[in-house]
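Asks: Quick one: the structure is below, questions incoming.
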Amino acid sequence: MALIRPEKRADFDAIHRLLRITFGREGEARLVDRLRASGKMTAALVAQDNEYLLGHVVFSRIVIDAPAGAVGALALASLAVLPAFQRLGIGSALVSAGLEECRAQHHPRVLVLGDAGFFVRFGFVPAAGFRVNGPIRALDSFAAIELDPGAFAGASGTARYGPEFEDLE
């Protein structure tokens with residue numbers, strides 16, 4: 001099984017390549033570079049086997065525009081595992097470890113735009129149940145998890161992702 005650990009500066013080039021290979025484009029690699037440069041990243045973990053990086057996950061700060069004002073949240077984006085190593089539990093290990101790190105940092109809520117069938121196993125539910133809308137109309141793939149019970153009380157509204165996310169292909 002791969003070792004899950006925080007990313008290091010020495011990993012940045014390998015992470016960029018991993019994201020480019022996994023997604024078949026530059027968008028997610030640029031996103032991670034921009035999040036890192038903006039200081040919005042709260043957790044970034046890699047899955048390593050020997051000297052090779054097999055996967056990567058990032059959690060970063062976003063806001064929910066709620067009626068009473070902006071409410072802080074985290075976005076899980078991106079999650080990547082090299083294609084040859086998918087379906088081996090590496091992505092699940094990265095998400096689980098990332099959520100634990102977010103809890104340890106006392107972040108109360110996380111949003112994700114992705115495969116609902118995958119993220120439900122970690123406790124994610126449709127964000128619409130918390131009356132939180134995503135930046136695009138993707139109701140079945142926009143999900144949320146409360147790391148603190150009741151974390152979405154008073155946090156209904158529209159999730160606003162930063163400019164780092166703007167040019168995803």
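Labels used: A, B, ... for chains in the order of the structure tokens, numbers from 1 for residues in each chain, and numbers from 1 for ligands as shown.
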Counting only C-alpha atoms, which residues of region 53-72 of chain A sit at most 9 Å from some atom of region 22-44 of chain A, and what is each one's closest atom pair with its distance in Å to one decimal, listed by chain and rising residue number, as a tab-separated table?
Replies:
```
residue	atom	partner	partner_atom	distance
A:His56	CA	A:Ala44	CA	7.2
A:Val57	CA	A:Ala44	CA	5.6
A:Val58	CA	A:Ala44	CA	4.4
A:Phe59	CA	A:Ala43	CA	5.1
A:Ser60	CA	A:Met41	CA	4.2
A:Arg61	CA	A:Lys40	CA	5.3
A:Ile62	CA	A:Lys40	CA	8.1
```
Asks: Find the residues around Ile90 (chain A) up to 12 Å (only C-alpha atoms counted), leave out those fewer than 3 positions away in its own chain, and share them as number ranges by chain.
Replies: A: 1-4, 45-49, 53-57, 79-87, 93-97
Asks: Those same residues - N, CA and C atoms - I'd like them written as a PDB file, in the first residue's frame.
Replies:
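New file part.pdb:
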```pdb
ATOM      1  N   MET A   1       0.841  -1.189   0.000  1.00  0.00           N
ATOM      2  CA  MET A   1       0.000   0.000   0.000  1.00  0.00           C
ATOM      3  C   MET A   1       0.882   1.246   0.000  1.00  0.00           C
ATOM      4  N   ALA A   2       0.404   2.271  -0.649  1.00  0.00           N
ATOM      5  CA  ALA A   2       1.161   3.520  -0.763  1.00  0.00           C
ATOM      6  C   ALA A   2       1.168   4.259   0.574  1.00  0.00           C
ATOM      7  N   LEU A   3       2.244   4.975   0.809  1.00  0.00           N
ATOM      8  CA  LEU A   3       2.374   5.846   1.964  1.00  0.00           C
ATOM      9  C   LEU A   3       1.657   7.154   1.649  1.00  0.00           C
ATOM     10  N   ILE A   4       0.786   7.611   2.541  1.00  0.00           N
ATOM     11  CA  ILE A   4       0.103   8.898   2.384  1.00  0.00           C
ATOM     12  C   ILE A   4       0.839   9.898   3.270  1.00  0.00           C
ATOM     13  N   LEU A  45      -1.950  16.291   0.004  1.00  0.00           N
ATOM     14  CA  LEU A  45      -1.326  15.017   0.345  1.00  0.00           C
ATOM     15  C   LEU A  45      -0.966  14.248  -0.916  1.00  0.00           C
ATOM     16  N   VAL A  46       0.059  13.435  -0.820  1.00  0.00           N
ATOM     17  CA  VAL A  46       0.444  12.557  -1.919  1.00  0.00           C
ATOM     18  C   VAL A  46       0.402  11.106  -1.438  1.00  0.00           C
ATOM     19  N   ALA A  47       0.227  10.217  -2.402  1.00  0.00           N
ATOM     20  CA  ALA A  47       0.370   8.781  -2.172  1.00  0.00           C
ATOM     21  C   ALA A  47       1.676   8.388  -2.855  1.00  0.00           C
ATOM     22  N   GLN A  48       2.590   7.822  -2.085  1.00  0.00           N
ATOM     23  CA  GLN A  48       3.916   7.506  -2.595  1.00  0.00           C
ATOM     24  C   GLN A  48       4.194   6.018  -2.409  1.00  0.00           C
ATOM     25  N   ASP A  49       4.754   5.411  -3.453  1.00  0.00           N
ATOM     26  CA  ASP A  49       5.215   4.031  -3.389  1.00  0.00           C
ATOM     27  C   ASP A  49       6.680   4.049  -3.802  1.00  0.00           C
ATOM     28  N   LEU A  53       5.346   8.962  -7.037  1.00  0.00           N
ATOM     29  CA  LEU A  53       4.066   9.499  -6.589  1.00  0.00           C
ATOM     30  C   LEU A  53       2.969   8.885  -7.443  1.00  0.00           C
ATOM     31  N   LEU A  54       1.969   8.307  -6.768  1.00  0.00           N
ATOM     32  CA  LEU A  54       0.874   7.635  -7.462  1.00  0.00           C
ATOM     33  C   LEU A  54      -0.417   8.434  -7.418  1.00  0.00           C
ATOM     34  N   GLY A  55      -0.540   9.343  -6.446  1.00  0.00           N
ATOM     35  CA  GLY A  55      -1.772  10.101  -6.313  1.00  0.00           C
ATOM     36  C   GLY A  55      -1.560  11.378  -5.536  1.00  0.00           C
ATOM     37  N   HIS A  56      -2.598  12.246  -5.588  1.00  0.00           N
ATOM     38  CA  HIS A  56      -2.519  13.569  -4.961  1.00  0.00           C
ATOM     39  C   HIS A  56      -3.937  14.043  -4.669  1.00  0.00           C
ATOM     40  N   VAL A  57      -4.102  14.739  -3.542  1.00  0.00           N
ATOM     41  CA  VAL A  57      -5.385  15.357  -3.212  1.00  0.00           C
ATOM     42  C   VAL A  57      -5.120  16.725  -2.598  1.00  0.00           C
ATOM     43  N   LEU A  79      -8.488  15.638  -6.959  1.00  0.00           N
ATOM     44  CA  LEU A  79      -8.100  14.297  -6.519  1.00  0.00           C
ATOM     45  C   LEU A  79      -7.627  13.571  -7.765  1.00  0.00           C
ATOM     46  N   ALA A  80      -6.435  13.014  -7.714  1.00  0.00           N
ATOM     47  CA  ALA A  80      -5.889  12.326  -8.881  1.00  0.00           C
ATOM     48  C   ALA A  80      -5.097  11.104  -8.455  1.00  0.00           C
ATOM     49  N   VAL A  81      -5.274  10.023  -9.205  1.00  0.00           N
ATOM     50  CA  VAL A  81      -4.469   8.814  -9.048  1.00  0.00           C
ATOM     51  C   VAL A  81      -4.071   8.389 -10.462  1.00  0.00           C
ATOM     52  N   LEU A  82      -2.798   8.096 -10.654  1.00  0.00           N
ATOM     53  CA  LEU A  82      -2.351   7.660 -11.974  1.00  0.00           C
ATOM     54  C   LEU A  82      -3.245   6.535 -12.481  1.00  0.00           C
ATOM     55  N   PRO A  83      -3.620   6.565 -13.759  1.00  0.00           N
ATOM     56  CA  PRO A  83      -4.568   5.575 -14.295  1.00  0.00           C
ATOM     57  C   PRO A  83      -4.196   4.115 -14.004  1.00  0.00           C
ATOM     58  N   ALA A  84      -2.937   3.758 -14.087  1.00  0.00           N
ATOM     59  CA  ALA A  84      -2.528   2.365 -13.850  1.00  0.00           C
ATOM     60  C   ALA A  84      -2.724   1.926 -12.407  1.00  0.00           C
ATOM     61  N   PHE A  85      -2.947   2.885 -11.494  1.00  0.00           N
ATOM     62  CA  PHE A  85      -3.071   2.570 -10.072  1.00  0.00           C
ATOM     63  C   PHE A  85      -4.456   2.885  -9.519  1.00  0.00           C
ATOM     64  N   GLN A  86      -5.406   3.177 -10.399  1.00  0.00           N
ATOM     65  CA  GLN A  86      -6.770   3.448  -9.954  1.00  0.00           C
ATOM     66  C   GLN A  86      -7.465   2.151  -9.576  1.00  0.00           C
ATOM     67  N   ARG A  87      -8.464   2.275  -8.730  1.00  0.00           N
ATOM     68  CA  ARG A  87      -9.278   1.150  -8.242  1.00  0.00           C
ATOM     69  C   ARG A  87      -8.487   0.203  -7.338  1.00  0.00           C
ATOM     70  N   ALA A  93      -7.826   6.261   0.162  1.00  0.00           N
ATOM     71  CA  ALA A  93      -6.878   6.550   1.251  1.00  0.00           C
ATOM     72  C   ALA A  93      -6.526   8.036   1.282  1.00  0.00           C
ATOM     73  N   LEU A  94      -6.369   8.646   0.114  1.00  0.00           N
ATOM     74  CA  LEU A  94      -6.063  10.074   0.059  1.00  0.00           C
ATOM     75  C   LEU A  94      -7.221  10.910   0.603  1.00  0.00           C
ATOM     76  N   VAL A  95      -8.455  10.589   0.199  1.00  0.00           N
ATOM     77  CA  VAL A  95      -9.611  11.348   0.676  1.00  0.00           C
ATOM     78  C   VAL A  95      -9.767  11.170   2.183  1.00  0.00           C
ATOM     79  N   SER A  96      -9.673   9.949   2.672  1.00  0.00           N
ATOM     80  CA  SER A  96      -9.817   9.705   4.112  1.00  0.00           C
ATOM     81  C   SER A  96      -8.769  10.465   4.913  1.00  0.00           C
ATOM     82  N   ALA A  97      -7.517  10.376   4.493  1.00  0.00           N
ATOM     83  CA  ALA A  97      -6.448  11.085   5.199  1.00  0.00           C
ATOM     84  C   ALA A  97      -6.638  12.598   5.097  1.00  0.00           C
TER      85      ALA A  97
END
```
Asks: Within 10 Å of Ser141 (chain A), counting only C-alpha atoms, which residues qualify if same-chain residues fewer than 4 places away don't, as a ChimeraX atom specification?
Replies: /A:112-117,119,125-127,134,137
Asks: Identify, on the basis of only C-alpha atoms, every residue whose closest approach to Ile145 (chain A) does not exceed 10 Å; exclude the query and any residue fewer than 4 positions from it along the same chain; express the result as an NGL selection string.
Replies: :A and (99 or 108-112 or 119-120 or 122-127 or 130 or 149 or 151-152)
Asks: Using only C-alpha atoms, please write the residues we just selected to a file, as a PDB file, in the first residue's frame.
Replies:
```
ATOM      1  CA  LEU A  99     -10.618  14.668   5.642  1.00  0.00           C
ATOM      2  CA  PRO A 108     -16.142  22.362   9.706  1.00  0.00           C
ATOM      3  CA  ARG A 109     -17.350  21.778   6.122  1.00  0.00           C
ATOM      4  CA  VAL A 110     -16.113  20.485   2.759  1.00  0.00           C
ATOM      5  CA  LEU A 111     -17.647  20.631  -0.730  1.00  0.00           C
ATOM      6  CA  VAL A 112     -16.729  18.542  -3.766  1.00  0.00           C
ATOM      7  CA  PHE A 119     -17.686  10.372  -2.404  1.00  0.00           C
ATOM      8  CA  VAL A 120     -20.761   8.986  -0.584  1.00  0.00           C
ATOM      9  CA  PHE A 122     -16.833   9.137   3.062  1.00  0.00           C
ATOM     10  CA  GLY A 123     -20.098  10.689   4.255  1.00  0.00           C
ATOM     11  CA  PHE A 124     -20.652  13.215   1.475  1.00  0.00           C
ATOM     12  CA  VAL A 125     -24.291  13.881   0.620  1.00  0.00           C
ATOM     13  CA  PRO A 126     -25.858  16.052  -2.078  1.00  0.00           C
ATOM     14  CA  ALA A 127     -25.069  19.676  -1.200  1.00  0.00           C
ATOM     15  CA  PHE A 130     -27.899  21.731   2.909  1.00  0.00           C
ATOM     16  CA  PRO A 149     -22.325  18.351  13.117  1.00  0.00           C
ATOM     17  CA  ALA A 151     -21.752  22.976  10.195  1.00  0.00           C
ATOM     18  CA  PHE A 152     -24.081  23.970   7.356  1.00  0.00           C
TER      19      PHE A 152
END
```
Asks: As an MDAnalysis selection string, please: all residues of region 7-105 of chain A that backbone DSSP puts in helix (DSSP H, G or I).
Replies: chainID A and resid 9:23 27:38 83:85 90:104
Asks: Calculate how many Å separate CA of Pro135 (chain A) from CA of Leu74 (chain A), rounding to one decimal.
Replies: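 Result for CA of Pro135 (chain A) versus CA of Leu74 (chain A): 14.1 Å, one decimal.
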Asks: Name the residues of chain A that fall into strand (DSSP E or B) according to DSSP on the backbone, using the chain letters and numbers of this document, as a ChimeraX atom specification.
Replies: /A:3-6,41-49,52-66,69-81,109-113,125-126,132-133,142-146,157-160
Asks: Please produce a file of the residues just selected, as a CSV table (one decimal), in the first residue's frame, where the atoms kept are C-alpha atoms.
Replies:
```csv
chain,number,residue,atom,x,y,z
A,3,LEU,CA,2.4,5.8,2.0
A,4,ILE,CA,0.1,8.9,2.4
A,5,ARG,CA,2.0,12.0,3.4
A,6,PRO,CA,1.9,15.8,3.0
A,41,MET,CA,-4.4,25.3,0.2
A,42,THR,CA,-5.1,23.9,3.6
A,43,ALA,CA,-4.1,20.3,2.9
A,44,ALA,CA,-2.2,18.7,0.1
A,45,LEU,CA,-1.3,15.0,0.3
A,46,VAL,CA,0.4,12.6,-1.9
A,47,ALA,CA,0.4,8.8,-2.2
A,48,GLN,CA,3.9,7.5,-2.6
A,49,ASP,CA,5.2,4.0,-3.4
A,52,TYR,CA,7.1,7.3,-7.2
A,53,LEU,CA,4.1,9.5,-6.6
A,54,LEU,CA,0.9,7.6,-7.5
A,55,GLY,CA,-1.8,10.1,-6.3
A,56,HIS,CA,-2.5,13.6,-5.0
A,57,VAL,CA,-5.4,15.4,-3.2
A,58,VAL,CA,-5.9,19.0,-2.4
A,59,PHE,CA,-8.3,20.9,0.0
A,60,SER,CA,-8.5,24.6,-0.4
A,61,ARG,CA,-10.5,27.6,1.0
A,62,ILE,CA,-13.6,28.8,-0.7
A,63,VAL,CA,-16.7,30.7,0.5
A,64,ILE,CA,-20.4,30.2,0.5
A,65,ASP,CA,-22.3,33.3,-0.3
A,66,ALA,CA,-25.0,33.0,2.4
A,69,GLY,CA,-22.6,37.0,4.6
A,70,ALA,CA,-19.7,34.9,3.4
A,71,VAL,CA,-19.2,31.5,5.2
A,72,GLY,CA,-15.9,29.7,4.9
A,73,ALA,CA,-15.7,26.2,3.5
A,74,LEU,CA,-13.2,23.9,1.9
A,75,ALA,CA,-13.2,22.5,-1.6
A,76,LEU,CA,-11.8,19.1,-2.3
A,77,ALA,CA,-10.1,19.6,-5.7
A,78,SER,CA,-8.4,18.0,-7.2
A,79,LEU,CA,-8.1,14.3,-6.5
A,80,ALA,CA,-5.9,12.3,-8.9
A,81,VAL,CA,-4.5,8.8,-9.0
A,109,ARG,CA,-17.4,21.8,6.1
A,110,VAL,CA,-16.1,20.5,2.8
A,111,LEU,CA,-17.6,20.6,-0.7
A,112,VAL,CA,-16.7,18.5,-3.8
A,113,LEU,CA,-17.8,18.5,-7.4
A,125,VAL,CA,-24.3,13.9,0.6
A,126,PRO,CA,-25.9,16.1,-2.1
A,132,VAL,CA,-25.9,24.9,-1.0
A,133,ASN,CA,-25.6,25.5,-4.7
A,142,PHE,CA,-22.0,18.5,-6.1
A,143,ALA,CA,-21.7,17.1,-2.6
A,144,ALA,CA,-21.0,18.2,0.9
A,145,ILE,CA,-19.8,16.8,4.2
A,146,GLU,CA,-20.1,18.3,7.7
A,157,GLY,CA,-26.2,29.8,-0.4
A,158,THR,CA,-24.0,29.5,-3.5
A,159,ALA,CA,-20.4,28.2,-3.3
A,160,ARG,CA,-18.0,30.7,-4.7
```
Asks: Here is a test: counting only C-alpha atoms, which residue of A:Pro67, A:Asp148, A:Ala155, A:Lys8 is nearest to Cys102 (chain A)?
Replies: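 When distances to Cys102 (chain A) are compared using only C-alpha atoms, the smallest one comes from A:Asp148.
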Asks: Quick check, in Å to one decimal: how far apart do CA of Ala104 (chain A) and CA of Ser92 (chain A) lie?
Replies: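 Calculated distance between CA of Ala104 (chain A) and CA of Ser92 (chain A) is 18.3 Å.
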